[in-house]
>>> print(open('structure_5.pdb').read())   # PDB, C-alpha atoms
ATOM      1  CA  MET W   1     118.077 -35.519 119.201
ATOM      2  CA  LYS W   2     117.588 -36.946 122.685
ATOM      3  CA  ILE W   3     121.134 -38.285 123.030
ATOM      4  CA  ALA W   4     122.828 -35.180 121.608
ATOM      5  CA  GLU W   5     124.729 -34.155 124.730
ATOM      6  CA  THR W   6     126.193 -37.605 125.336
ATOM      7  CA  VAL W   7     128.809 -36.944 122.646
ATOM      8  CA  THR W   8     132.425 -36.953 123.858
ATOM      9  CA  PHE W   9     133.447 -33.604 125.462
ATOM     10  CA  GLY W  10     129.794 -32.578 125.885
ATOM     11  CA  GLY W  11     127.052 -32.764 128.463
ATOM     12  CA  SER W  12     128.852 -32.758 131.819
ATOM     13  CA  GLY W  13     127.051 -29.641 133.029
ATOM     14  CA  LEU W  14     130.233 -27.978 134.283
ATOM     15  CA  ASP W  15     129.642 -24.809 136.289
ATOM     16  CA  ARG W  16     132.194 -22.516 134.652
ATOM     17  CA  ALA W  17     131.931 -19.913 137.446
ATOM     18  CA  ALA W  18     132.321 -17.040 134.977
ATOM     19  CA  GLU W  19     131.360 -14.541 137.684
ATOM     20  CA  LEU W  20     134.572 -15.416 139.572
ATOM     21  CA  ARG W  21     137.060 -15.007 136.728
ATOM     22  CA  GLY W  22     137.986 -11.469 137.716
ATOM     23  CA  GLN W  23     138.989 -12.762 141.168
ATOM     24  CA  ALA W  24     140.760 -15.918 139.965
ATOM     25  CA  ASP W  25     144.211 -15.029 141.290
ATOM     26  CA  GLN W  26     142.918 -14.392 144.812
ATOM     27  CA  LEU W  27     140.772 -17.530 144.781
ATOM     28  CA  ARG W  28     143.750 -19.750 144.157
ATOM     29  CA  GLY W  29     144.351 -19.599 147.894
ATOM     30  CA  GLN W  30     141.210 -21.582 148.727
ATOM     31  CA  ARG W  31     142.119 -24.785 150.551
ATOM     32  CA  ASP W  32     139.905 -27.019 148.438
ATOM     33  CA  ALA W  33     140.986 -25.553 145.083
ATOM     34  CA  ARG W  34     142.522 -28.073 142.718
ATOM     35  CA  ALA W  35     144.448 -27.988 139.446
ATOM     36  CA  ILE W  36     144.486 -30.331 136.504
ATOM     37  CA  LEU W  37     147.878 -30.505 134.808
ATOM     38  CA  MET W  38     148.516 -30.023 131.078
ATOM     39  CA  TRP W  39     151.794 -30.548 129.226
ATOM     40  CA  ARG W  40     151.807 -29.359 125.601
ATOM     41  CA  GLY W  41     148.144 -30.233 125.198
ATOM     42  CA  LYS W  42     148.319 -33.505 127.114
ATOM     43  CA  PRO W  43     146.392 -33.882 130.385
ATOM     44  CA  MET W  44     147.895 -35.764 133.312
ATOM     45  CA  ILE W  45     145.898 -38.889 134.107
ATOM     46  CA  LEU W  46     146.013 -41.681 136.642
ATOM     47  CA  GLY W  47     144.174 -44.698 135.300
ATOM     48  CA  ASP W  48     141.111 -43.316 133.542
ATOM     49  CA  ALA W  49     140.818 -40.069 135.499
ATOM     50  CA  LEU W  50     142.384 -36.624 135.444
ATOM     51  CA  VAL W  51     144.842 -35.961 138.228
ATOM     52  CA  ARG W  52     143.686 -33.122 140.489
ATOM     53  CA  LEU W  53     146.373 -31.623 142.692
ATOM     54  CA  PRO W  54     146.258 -29.058 145.490
ATOM     55  CA  LEU W  55     147.758 -25.809 144.294
ATOM     56  CA  ASP W  56     150.571 -26.087 146.863
ATOM     57  CA  HIS W  57     151.632 -29.560 145.673
ATOM     58  CA  ALA W  58     155.364 -30.015 145.065
ATOM     59  CA  ALA W  59     154.791 -30.549 141.341
ATOM     60  CA  MET W  60     153.373 -27.046 140.938
ATOM     61  CA  VAL W  61     156.856 -25.510 141.056
ATOM     62  CA  ASP W  62     157.109 -26.444 137.341
ATOM     63  CA  ALA W  63     153.767 -24.890 136.382
ATOM     64  CA  ALA W  64     153.423 -21.550 134.619
ATOM     65  CA  ALA W  65     152.523 -18.663 136.903
ATOM     66  CA  ASP W  66     149.228 -17.995 135.113
ATOM     67  CA  MET W  67     146.439 -20.548 135.467
ATOM     68  CA  ILE W  68     143.052 -20.898 133.829
ATOM     69  CA  LEU W  69     139.964 -21.018 136.006
ATOM     70  CA  LEU W  70     137.890 -23.822 134.506
ATOM     71  CA  GLY W  71     134.987 -23.698 136.967
ATOM     72  CA  ARG W  72     133.530 -25.500 139.950
ATOM     73  CA  ASP W  73     133.551 -29.257 140.357
ATOM     74  CA  ASN W  74     131.463 -30.522 143.289
ATOM     75  CA  GLY W  75     131.695 -27.053 144.793
ATOM     76  CA  ALA W  76     135.483 -26.745 144.586
ATOM     77  CA  LEU W  77     137.279 -24.502 142.116
ATOM     78  CA  VAL W  78     139.282 -26.241 139.392
ATOM     79  CA  PHE W  79     142.175 -24.567 137.589
ATOM     80  CA  ALA W  80     144.293 -25.718 134.658
ATOM     81  CA  ALA W  81     148.053 -25.499 135.157
ATOM     82  CA  ASP W  82     150.402 -25.380 132.175
ATOM     83  CA  PHE W  83     153.550 -27.515 132.464
ATOM     84  CA  SER W  84     154.666 -26.990 128.845
ATOM     85  CA  ALA W  85     157.946 -25.293 129.819
ATOM     86  CA  TRP W  86     159.001 -28.337 131.863
ATOM     87  CA  THR W  87     161.263 -30.801 130.027
ATOM     88  CA  PRO W  88     160.887 -34.457 131.000
ATOM     89  CA  ASP W  89     163.918 -36.687 131.322
ATOM     90  CA  ASN W  90     164.646 -38.893 128.283
ATOM     91  CA  LEU W  91     162.174 -36.985 126.102
ATOM     92  CA  ASP W  92     161.744 -38.523 122.641
ATOM     93  CA  ALA W  93     160.873 -35.448 120.589
ATOM     94  CA  GLU W  94     160.155 -37.472 117.425
ATOM     95  CA  THR W  95     156.863 -38.778 118.842
ATOM     96  CA  LEU W  96     155.542 -35.328 119.702
ATOM     97  CA  ASN W  97     153.071 -33.442 117.524
ATOM     98  CA  THR W  98     152.058 -36.525 115.573
ATOM     99  CA  PHE W  99     148.369 -37.160 114.908
ATOM    100  CA  LEU W 100     148.141 -39.686 117.736
ATOM    101  CA  ASP W 101     151.243 -39.272 119.897
ATOM    102  CA  PRO W 102     151.723 -42.622 121.691
ATOM    103  CA  SER W 103     154.297 -41.350 124.169
ATOM    104  CA  GLU W 104     153.595 -40.538 127.812
ATOM    105  CA  GLN W 105     155.577 -38.255 130.116
ATOM    106  CA  GLN W 106     155.883 -38.668 133.874
ATOM    107  CA  HIS W 107     156.591 -35.900 136.325
ATOM    108  CA  PRO W 108     158.861 -36.952 139.224
ATOM    109  CA  ALA W 109     156.560 -35.377 141.802
ATOM    110  CA  VAL W 110     153.587 -37.478 140.583
ATOM    111  CA  PRO W 111     155.336 -40.729 139.604
ATOM    112  CA  ASP W 112     152.241 -42.912 139.252
ATOM    113  CA  ALA W 113     150.554 -40.590 136.752
ATOM    114  CA  ALA W 114     151.393 -39.585 133.173
ATOM    115  CA  PHE W 115     150.692 -36.907 130.591
ATOM    116  CA  ALA W 116     148.830 -38.638 127.734
ATOM    117  CA  GLU W 117     147.555 -37.643 124.291
ATOM    118  CA  LEU W 118     143.945 -36.467 124.667
ATOM    119  CA  ARG W 119     142.820 -38.114 121.410
ATOM    120  CA  ALA W 120     143.984 -41.466 122.765
ATOM    121  CA  ILE W 121     142.240 -41.241 126.137
ATOM    122  CA  MET W 122     139.148 -39.126 125.416
ATOM    123  CA  THR W 123     136.703 -42.041 125.398
ATOM    124  CA  ARG W 124     138.064 -43.342 128.708
ATOM    125  CA  LEU W 125     137.455 -40.134 130.633
ATOM    126  CA  SER W 126     134.253 -39.330 132.489
ATOM    127  CA  PRO W 127     132.095 -36.607 130.876
ATOM    128  CA  ARG W 128     133.292 -34.084 133.479
ATOM    129  CA  ASP W 129     136.961 -34.933 133.060
ATOM    130  CA  ALA W 130     136.604 -34.860 129.276
ATOM    131  CA  GLU W 131     135.055 -31.385 129.372
ATOM    132  CA  LEU W 132     137.712 -30.071 131.747
ATOM    133  CA  ALA W 133     140.553 -31.453 129.630
ATOM    134  CA  ALA W 134     139.070 -30.219 126.351
ATOM    135  CA  THR W 135     138.479 -26.734 127.762
ATOM    136  CA  ALA W 136     141.973 -26.514 129.214
ATOM    137  CA  LYS W 137     143.616 -27.655 125.978
ATOM    138  CA  ALA W 138     141.627 -25.293 123.764
ATOM    139  CA  VAL W 139     142.207 -22.211 125.927
ATOM    140  CA  MET W 140     145.894 -22.961 126.454
ATOM    141  CA  ASP W 141     146.395 -23.458 122.720
ATOM    142  CA  TRP W 142     144.728 -20.079 122.117
ATOM    143  CA  HIS W 143     147.045 -18.321 124.576
ATOM    144  CA  ARG W 144     150.048 -19.974 122.939
ATOM    145  CA  SER W 145     149.100 -18.749 119.457
ATOM    146  CA  HIS W 146     147.724 -15.323 120.443
ATOM    147  CA  ARG W 147     150.428 -13.849 122.657
ATOM    148  CA  PHE W 148     150.545 -10.588 120.727
ATOM    149  CA  CYS W 149     147.848  -7.972 120.344
ATOM    150  CA  ALA W 150     146.056  -8.210 116.988
ATOM    151  CA  ARG W 151     145.539  -4.434 117.011
ATOM    152  CA  CYS W 152     149.054  -3.128 117.672
ATOM    153  CA  GLY W 153     151.403  -6.124 117.868
ATOM    154  CA  VAL W 154     152.568  -5.613 121.455
ATOM    155  CA  GLU W 155     152.661  -8.679 123.710
ATOM    156  CA  SER W 156     149.437  -8.937 125.713
ATOM    157  CA  ALA W 157     148.831 -10.401 129.178
ATOM    158  CA  MET W 158     146.482 -13.088 130.440
ATOM    159  CA  ALA W 159     143.531 -11.775 132.449
ATOM    160  CA  MET W 160     140.134 -12.817 133.815
ATOM    161  CA  GLY W 161     141.241 -16.248 134.960
ATOM    162  CA  GLY W 162     142.648 -17.050 131.533
ATOM    163  CA  TRP W 163     139.539 -16.090 129.565
ATOM    164  CA  GLN W 164     140.927 -12.826 128.224
ATOM    165  CA  ARG W 165     144.147 -11.183 127.069
ATOM    166  CA  ASN W 166     144.663  -7.464 127.653
ATOM    167  CA  CYS W 167     147.033  -5.168 125.798
ATOM    168  CA  ALA W 168     148.571  -2.468 127.990
ATOM    169  CA  ALA W 169     149.784  -0.516 124.941
ATOM    170  CA  CYS W 170     146.503   0.105 123.108
ATOM    171  CA  GLY W 171     143.891  -1.057 125.620
ATOM    172  CA  GLY W 172     142.726  -3.935 123.420
ATOM    173  CA  HIS W 173     140.874  -6.894 124.884
ATOM    174  CA  HIS W 174     141.028 -10.300 123.202
ATOM    175  CA  PHE W 175     138.996 -13.434 123.885
ATOM    176  CA  PRO W 176     139.422 -17.151 123.153
ATOM    177  CA  ARG W 177     138.175 -18.092 119.694
ATOM    178  CA  THR W 178     136.222 -21.123 118.572
ATOM    179  CA  ASP W 179     136.012 -22.022 114.894
ATOM    180  CA  PRO W 180     132.585 -23.259 113.707
ATOM    181  CA  VAL W 181     132.709 -26.430 111.617
ATOM    182  CA  VAL W 182     129.846 -28.333 110.003
ATOM    183  CA  ILE W 183     129.994 -32.122 109.807
ATOM    184  CA  MET W 184     127.320 -33.797 107.753
ATOM    185  CA  LEU W 185     125.365 -37.045 107.830
ATOM    186  CA  ILE W 186     124.314 -36.946 104.170
ATOM    187  CA  THR W 187     121.960 -39.754 103.191
ATOM    188  CA  HIS W 188     120.267 -40.939 100.017
ATOM    189  CA  GLY W 189     117.765 -43.679 100.695
ATOM    190  CA  ASN W 190     119.569 -46.437 102.606
ATOM    191  CA  ALA W 191     123.084 -45.075 102.034
ATOM    192  CA  VAL W 192     125.312 -42.512 103.727
ATOM    193  CA  LEU W 193     128.047 -40.404 102.128
ATOM    194  CA  VAL W 194     131.525 -40.752 103.647
ATOM    195  CA  GLY W 195     134.958 -39.570 102.588
ATOM    196  CA  ARG W 196     138.607 -39.764 103.568
ATOM    197  CA  SER W 197     141.578 -37.424 103.733
ATOM    198  CA  PRO W 198     145.125 -38.265 102.629
ATOM    199  CA  GLY W 199     147.205 -39.880 105.340
ATOM    200  CA  TRP W 200     144.346 -41.572 107.155
ATOM    201  CA  PRO W 201     144.703 -45.272 108.019
ATOM    202  CA  GLU W 202     143.867 -47.469 105.049
ATOM    203  CA  GLY W 203     140.133 -48.119 104.834
ATOM    204  CA  MET W 204     139.096 -45.374 107.270
ATOM    205  CA  TYR W 205     136.205 -43.182 106.119
ATOM    206  CA  SER W 206     134.297 -40.489 107.981
ATOM    207  CA  LEU W 207     131.581 -37.911 107.419
ATOM    208  CA  LEU W 208     132.364 -34.879 105.273
ATOM    209  CA  ALA W 209     133.121 -31.690 107.195
ATOM    210  CA  GLY W 210     134.271 -28.121 106.655
ATOM    211  CA  PHE W 211     134.572 -24.669 108.210
ATOM    212  CA  VAL W 212     131.662 -22.242 108.206
ATOM    213  CA  GLU W 213     132.611 -19.121 106.278
ATOM    214  CA  PRO W 214     131.867 -15.516 107.345
ATOM    215  CA  GLY W 215     128.349 -14.453 106.415
ATOM    216  CA  GLU W 216     127.187 -18.052 106.009
ATOM    217  CA  THR W 217     124.469 -20.016 107.817
ATOM    218  CA  ILE W 218     125.069 -23.547 109.061
ATOM    219  CA  GLU W 219     122.652 -24.900 106.456
ATOM    220  CA  ALA W 220     124.395 -23.044 103.632
ATOM    221  CA  ALA W 221     127.786 -24.313 104.827
ATOM    222  CA  VAL W 222     126.521 -27.905 104.743
ATOM    223  CA  ARG W 223     125.298 -27.556 101.169
ATOM    224  CA  ARG W 224     128.424 -25.720  99.973
ATOM    225  CA  GLU W 225     130.933 -28.102 101.564
ATOM    226  CA  VAL W 226     129.247 -31.276 100.296
ATOM    227  CA  PHE W 227     129.016 -29.904  96.765
ATOM    228  CA  GLU W 228     132.611 -28.618  96.808
ATOM    229  CA  GLU W 229     134.053 -31.885  98.105
ATOM    230  CA  ALA W 230     131.866 -34.513  96.441
ATOM    231  CA  GLY W 231     129.690 -32.803  93.801
ATOM    232  CA  VAL W 232     126.483 -33.771  95.623
ATOM    233  CA  ARG W 233     123.596 -31.323  95.926
ATOM    234  CA  VAL W 234     121.857 -31.274  99.313
ATOM    235  CA  GLY W 235     118.230 -30.373  99.969
ATOM    236  CA  ALA W 236     116.752 -30.310 103.489
ATOM    237  CA  VAL W 237     119.258 -29.789 106.312
ATOM    238  CA  SER W 238     118.585 -30.276 110.027
ATOM    239  CA  TYR W 239     120.690 -29.855 113.163
ATOM    240  CA  LEU W 240     121.483 -32.945 115.232
ATOM    241  CA  ALA W 241     124.182 -32.348 117.853
ATOM    242  CA  SER W 242     127.356 -30.380 118.562
ATOM    243  CA  GLN W 243     130.778 -31.258 119.911
ATOM    244  CA  PRO W 244     133.600 -29.086 121.225
ATOM    245  CA  TRP W 245     136.696 -30.364 119.420
ATOM    246  CA  PRO W 246     139.936 -29.053 120.962
ATOM    247  CA  PHE W 247     142.238 -29.966 118.069
ATOM    248  CA  PRO W 248     142.916 -27.103 118.241
ATOM    249  CA  ALA W 249     139.661 -25.197 118.912
ATOM    250  CA  SER W 250     136.564 -26.026 116.884
ATOM    251  CA  LEU W 251     132.869 -26.420 117.597
ATOM    252  CA  MET W 252     131.488 -29.177 115.396
ATOM    253  CA  PHE W 253     127.871 -28.720 114.276
ATOM    254  CA  GLY W 254     126.530 -32.158 113.418
ATOM    255  CA  CYS W 255     123.805 -31.937 110.768
ATOM    256  CA  ALA W 256     121.678 -34.280 108.689
ATOM    257  CA  GLY W 257     121.157 -33.586 105.016
ATOM    258  CA  GLU W 258     119.168 -35.184 102.216
ATOM    259  CA  ALA W 259     121.151 -35.730  99.011
ATOM    260  CA  LEU W 260     119.432 -34.779  95.766
ATOM    261  CA  ASN W 261     121.794 -36.847  93.611
ATOM    262  CA  LYS W 262     124.240 -39.738  94.081
ATOM    263  CA  ASP W 263     126.769 -39.048  91.326
ATOM    264  CA  LEU W 264     130.135 -38.159  92.861
ATOM    265  CA  THR W 265     132.661 -35.635  91.569
ATOM    266  CA  ILE W 266     135.628 -35.599  93.947
ATOM    267  CA  ASP W 267     137.722 -32.467  94.458
ATOM    268  CA  PRO W 268     141.210 -33.922  95.116
ATOM    269  CA  ASP W 269     142.291 -30.680  96.777
ATOM    270  CA  GLU W 270     139.581 -31.224  99.421
ATOM    271  CA  ILE W 271     139.441 -34.999  99.971
ATOM    272  CA  GLU W 272     141.108 -38.152  98.703
ATOM    273  CA  ASP W 273     137.950 -40.184  98.111
ATOM    274  CA  ALA W 274     134.204 -40.341  98.803
ATOM    275  CA  ILE W 275     131.819 -43.278  98.601
ATOM    276  CA  TRP W 276     128.228 -44.180  99.360
ATOM    277  CA  VAL W 277     127.915 -46.874 102.043
ATOM    278  CA  THR W 278     124.734 -48.775 102.768
ATOM    279  CA  ARG W 279     123.408 -49.155 106.281
ATOM    280  CA  GLU W 280     124.228 -52.858 106.202
ATOM    281  CA  GLU W 281     127.832 -52.219 105.132
ATOM    282  CA  MET W 282     128.303 -49.563 107.804
ATOM    283  CA  ALA W 283     126.919 -51.920 110.443
ATOM    284  CA  GLU W 284     129.521 -54.486 109.376
ATOM    285  CA  ALA W 285     132.260 -51.857 109.629
ATOM    286  CA  PHE W 286     131.176 -50.846 113.138
ATOM    287  CA  ALA W 287     131.189 -54.513 114.145
ATOM    288  CA  GLY W 288     134.710 -54.899 112.746
ATOM    289  CA  ASN W 289     133.563 -57.398 110.119
ATOM    290  CA  HIS W 290     133.837 -55.366 106.908
ATOM    291  CA  PRO W 291     136.730 -56.553 104.711
ATOM    292  CA  LYS W 292     137.795 -53.047 103.615
ATOM    293  CA  LEU W 293     135.923 -50.321 105.494
ATOM    294  CA  LEU W 294     136.955 -48.895 108.869
ATOM    295  CA  PRO W 295     134.512 -46.652 110.794
ATOM    296  CA  ALA W 296     135.207 -43.114 111.953
ATOM    297  CA  ARG W 297     137.354 -42.862 115.068
ATOM    298  CA  LYS W 298     135.464 -43.548 118.305
ATOM    299  CA  GLY W 299     134.970 -40.365 120.331
ATOM    300  CA  ALA W 300     134.606 -38.135 117.270
ATOM    301  CA  ILE W 301     131.152 -36.758 116.480
ATOM    302  CA  ALA W 302     131.253 -38.552 113.111
ATOM    303  CA  HIS W 303     131.303 -41.898 114.913
ATOM    304  CA  PHE W 304     128.552 -40.679 117.239
ATOM    305  CA  LEU W 305     126.276 -39.594 114.368
ATOM    306  CA  LEU W 306     126.842 -42.733 112.323
ATOM    307  CA  GLN W 307     126.104 -44.899 115.340
ATOM    308  CA  ALA W 308     122.902 -42.946 115.971
ATOM    309  CA  TRP W 309     121.926 -43.385 112.303
ATOM    310  CA  LEU W 310     122.492 -47.127 112.505
ATOM    311  CA  SER W 311     120.340 -47.416 115.626
ATOM    312  CA  ASP W 312     117.578 -45.070 114.363
ATOM    313  CA  ARG W 313     118.200 -42.538 117.147
ATOM    314  CA  LEU W 314     118.357 -39.333 115.117
ATOM    315  CA  ASP W 315     115.027 -37.981 116.404
TER     316      ASP W 315
END
>>> encode(input="structure_5.pdb", output="structure tokens")
Amino acid sequence: MKIAETVTFGGSGLDRAAELRGQADQLRGQRDARAILMWRGKPMILGDALVRLPLDHAAMVDAAADMILLGRDNGALVFAADFSAWTPDNLDAETLNTFLDPSEQQHPAVPDAAFAELRAIMTRLSPRDAELAATAKAVMDWHRSHRFCARCGVESAMAMGGWQRNCAACGGHHFPRTDPVVIMLITHGNAVLVGRSPGWPEGMYSLLAGFVEPGETIEAAVRREVFEEAGVRVGAVSYLASQPWPFPASLMFGCAGEALNKDLTIDPDEIEDAIWVTREEMAEAFAGNHPKLLPARKGAIAHFLLQAWLSDRLD
């Protein structure tokens, strides 16, 4: 698929400078080093770009001591600084942790910028900024949920520029995890299979998806998930594109599959509904002209794959 790496969060070619992670703390003193700022999963932006601050900026007094080395950007090292312990003035806690948090938080030392929900701004960011923000969010979320050693239960410590946690008690080493997920463009003739989950906006449908289980190939996961959710048997399966998805930390494997039957048997524990949609109907939905159907959210790989299907760019 020639356009595979143009998917949101992919294809910026970031140099992750893995060879420098063991020296990350010392390298923070470099004059051209910069930090992007994250507050509870939200990156700080100014306009349509990530804010990059010198590490001695006044705002950094509210950052956590440990930072994540994200890599090199135009030759300069870029770190991610966690501001989650900082409490903004007039914080409206009710808007936080919703699917698409509309609130923005401003730090007094950077008054023109704001922390914004990544889902809401992801399509506005450049490929490089999108990759930096997605990486920072995923790794920070992992540290937040994996503070304690899985071997002995003692609190572990961040190491290797944020890409490892070490346990002083038992000597265990732990590394950021990524959960593999298959998402499937299942077609039968001129129609594509889409489904919806409870709580989605009325009329919104997307491609079926599910986690890859231990001991399972990507192809087997595609066939199992589609049959479990919709009762459709799938024959040939092919890989199309992947997308890092930091909500919280998945790698989406976009695949194409050929349906062997069209009869649907919905598992209500898995999805709310599934339907077959013709190419013409999906084109109307993407144009905003369909009376009932809304397309998958822009920026998600489902939208990317459906758009490629509509434009015959799956080769």
>>> axis_aligned_box(input="structure_5.pdb", around="region 231-248 of chain W", padding_each_side="4 Å", output="lines of an AutoDock Vina configuration file")
center_x = 129.8
center_y = -30.4
center_z = 107.5
size_x = 34.2
size_y = 14.7
size_z = 35.4
>>> residues_around(input="structure_5.pdb", residues="Pro201 (chain W)", least_positions_apart="5", cutoff="12 Å", atoms="all atoms listed in the file", output="ChimeraX atom specification")
/W:99-100,196,206,292-297
>>> residues_around(input="structure_5.pdb", residues="Ala209 (chain W)", least_positions_apart="2", cutoff="7 Å", atoms="all atoms listed in the file", output="NGL selection string")
:W and (181-184 or 207)
>>> write_last_selection(input="structure_5.pdb", atoms="C-alpha atoms", output="mmCIF file, in the frame of the given file")
data_model
loop_
_atom_site.group_PDB
_atom_site.id
_atom_site.type_symbol
_atom_site.label_atom_id
_atom_site.label_comp_id
_atom_site.auth_asym_id
_atom_site.auth_seq_id
_atom_site.Cartn_x
_atom_site.Cartn_y
_atom_site.Cartn_z
ATOM 1 C CA VAL W 181 132.709 -26.430 111.617
ATOM 2 C CA VAL W 182 129.846 -28.333 110.003
ATOM 3 C CA ILE W 183 129.994 -32.122 109.807
ATOM 4 C CA MET W 184 127.320 -33.797 107.753
ATOM 5 C CA LEU W 207 131.581 -37.911 107.419
#
>>> closest_residue(input="structure_5.pdb", among="W:His174, W:Arg31, W:Arg124, W:Arg16", to="Leu46 (chain W)", atoms="all atoms listed in the file")
W:Arg124
>>> atom_distance(input="structure_5.pdb", atom1="CA of Ala116 (chain W)", atom2="CA of Trp39 (chain W)")
8.7 Å
>>> closest_residue(input="structure_5.pdb", among="W:Gly161, W:Gly29, W:Gly257, W:Gly299", to="Pro54 (chain W)", atoms="only C-alpha atoms")
W:Gly29
>>> closest_residue(input="structure_5.pdb", among="W:Phe115, W:Trp276, W:Phe9, W:Phe304", to="Ala230 (chain W)", atoms="all atoms listed in the file")
W:Trp276
>>> atom_distance(input="structure_5.pdb", atom1="CA of Glu216 (chain W)", atom2="CA of Val237 (chain W)")
14.2 Å
>>> residues_around(input="structure_5.pdb", residues="Ala17 (chain W)", least_positions_apart="5", cutoff="8 Å", atoms="all atoms listed in the file", output="list of chain:residue names")
W:Leu70, W:Gly71, W:Arg72
>>> closest_residue(input="structure_5.pdb", among="W:Thr217, W:Gln30, W:Asn97, W:Thr8", to="Ile121 (chain W)", atoms="all atoms listed in the file")
W:Thr8
>>> resolve_selection(input="structure_5.pdb", expression="the PyMOL selection byres ((chain W and resi 106) around 12)", output="JSON, numbers by chain")
{"W": [37, 38, 39, 42, 43, 44, 45, 46, 59, 83, 86, 87, 88, 89, 90, 91, 103, 104, 105, 107, 108, 109, 110, 111, 112, 113, 114, 115, 116]}
>>> closest_residue(input="structure_5.pdb", among="W:Ala93, W:Ala157, W:Arg177, W:Met1", to="Asp315 (chain W)", atoms="only C-alpha atoms")
W:Met1
>>> atom_distance(input="structure_5.pdb", atom1="CA of Asp48 (chain W)", atom2="CA of Thr178 (chain W)")
27.2 Å
>>> resolve_selection(input="structure_5.pdb", expression="the PyMOL selection byres ((chain W and resi 12) around 8)", output="number ranges by chain")
W: 9-11, 13-14, 127-128, 131
>>> closest_residue(input="structure_5.pdb", among="W:Phe247, W:Ile186, W:Ala134, W:Cys167", to="Cys149 (chain W)", atoms="only C-alpha atoms")
W:Cys167
>>> resolve_selection(input="structure_5.pdb", expression="the PyMOL selection byres ((chain W and resi 273) around 9)", output="ChimeraX atom specification")
/W:194-198,205,230,266-268,271-272,274-275
>>> residues_around(input="structure_5.pdb", residues="Arg21 (chain W)", least_positions_apart="3", cutoff="7 Å", atoms="all atoms listed in the file", output="MDAnalysis selection string")
chainID W and resid 18 24 69 160:161
>>> residues_around(input="structure_5.pdb", residues="Ser84 (chain W)", least_positions_apart="5", cutoff="9 Å", atoms="all atoms listed in the file", output="list in words")
Met38, Trp39, Arg40, Gly41, Asp62, Ala63 and Ala64 of chain W
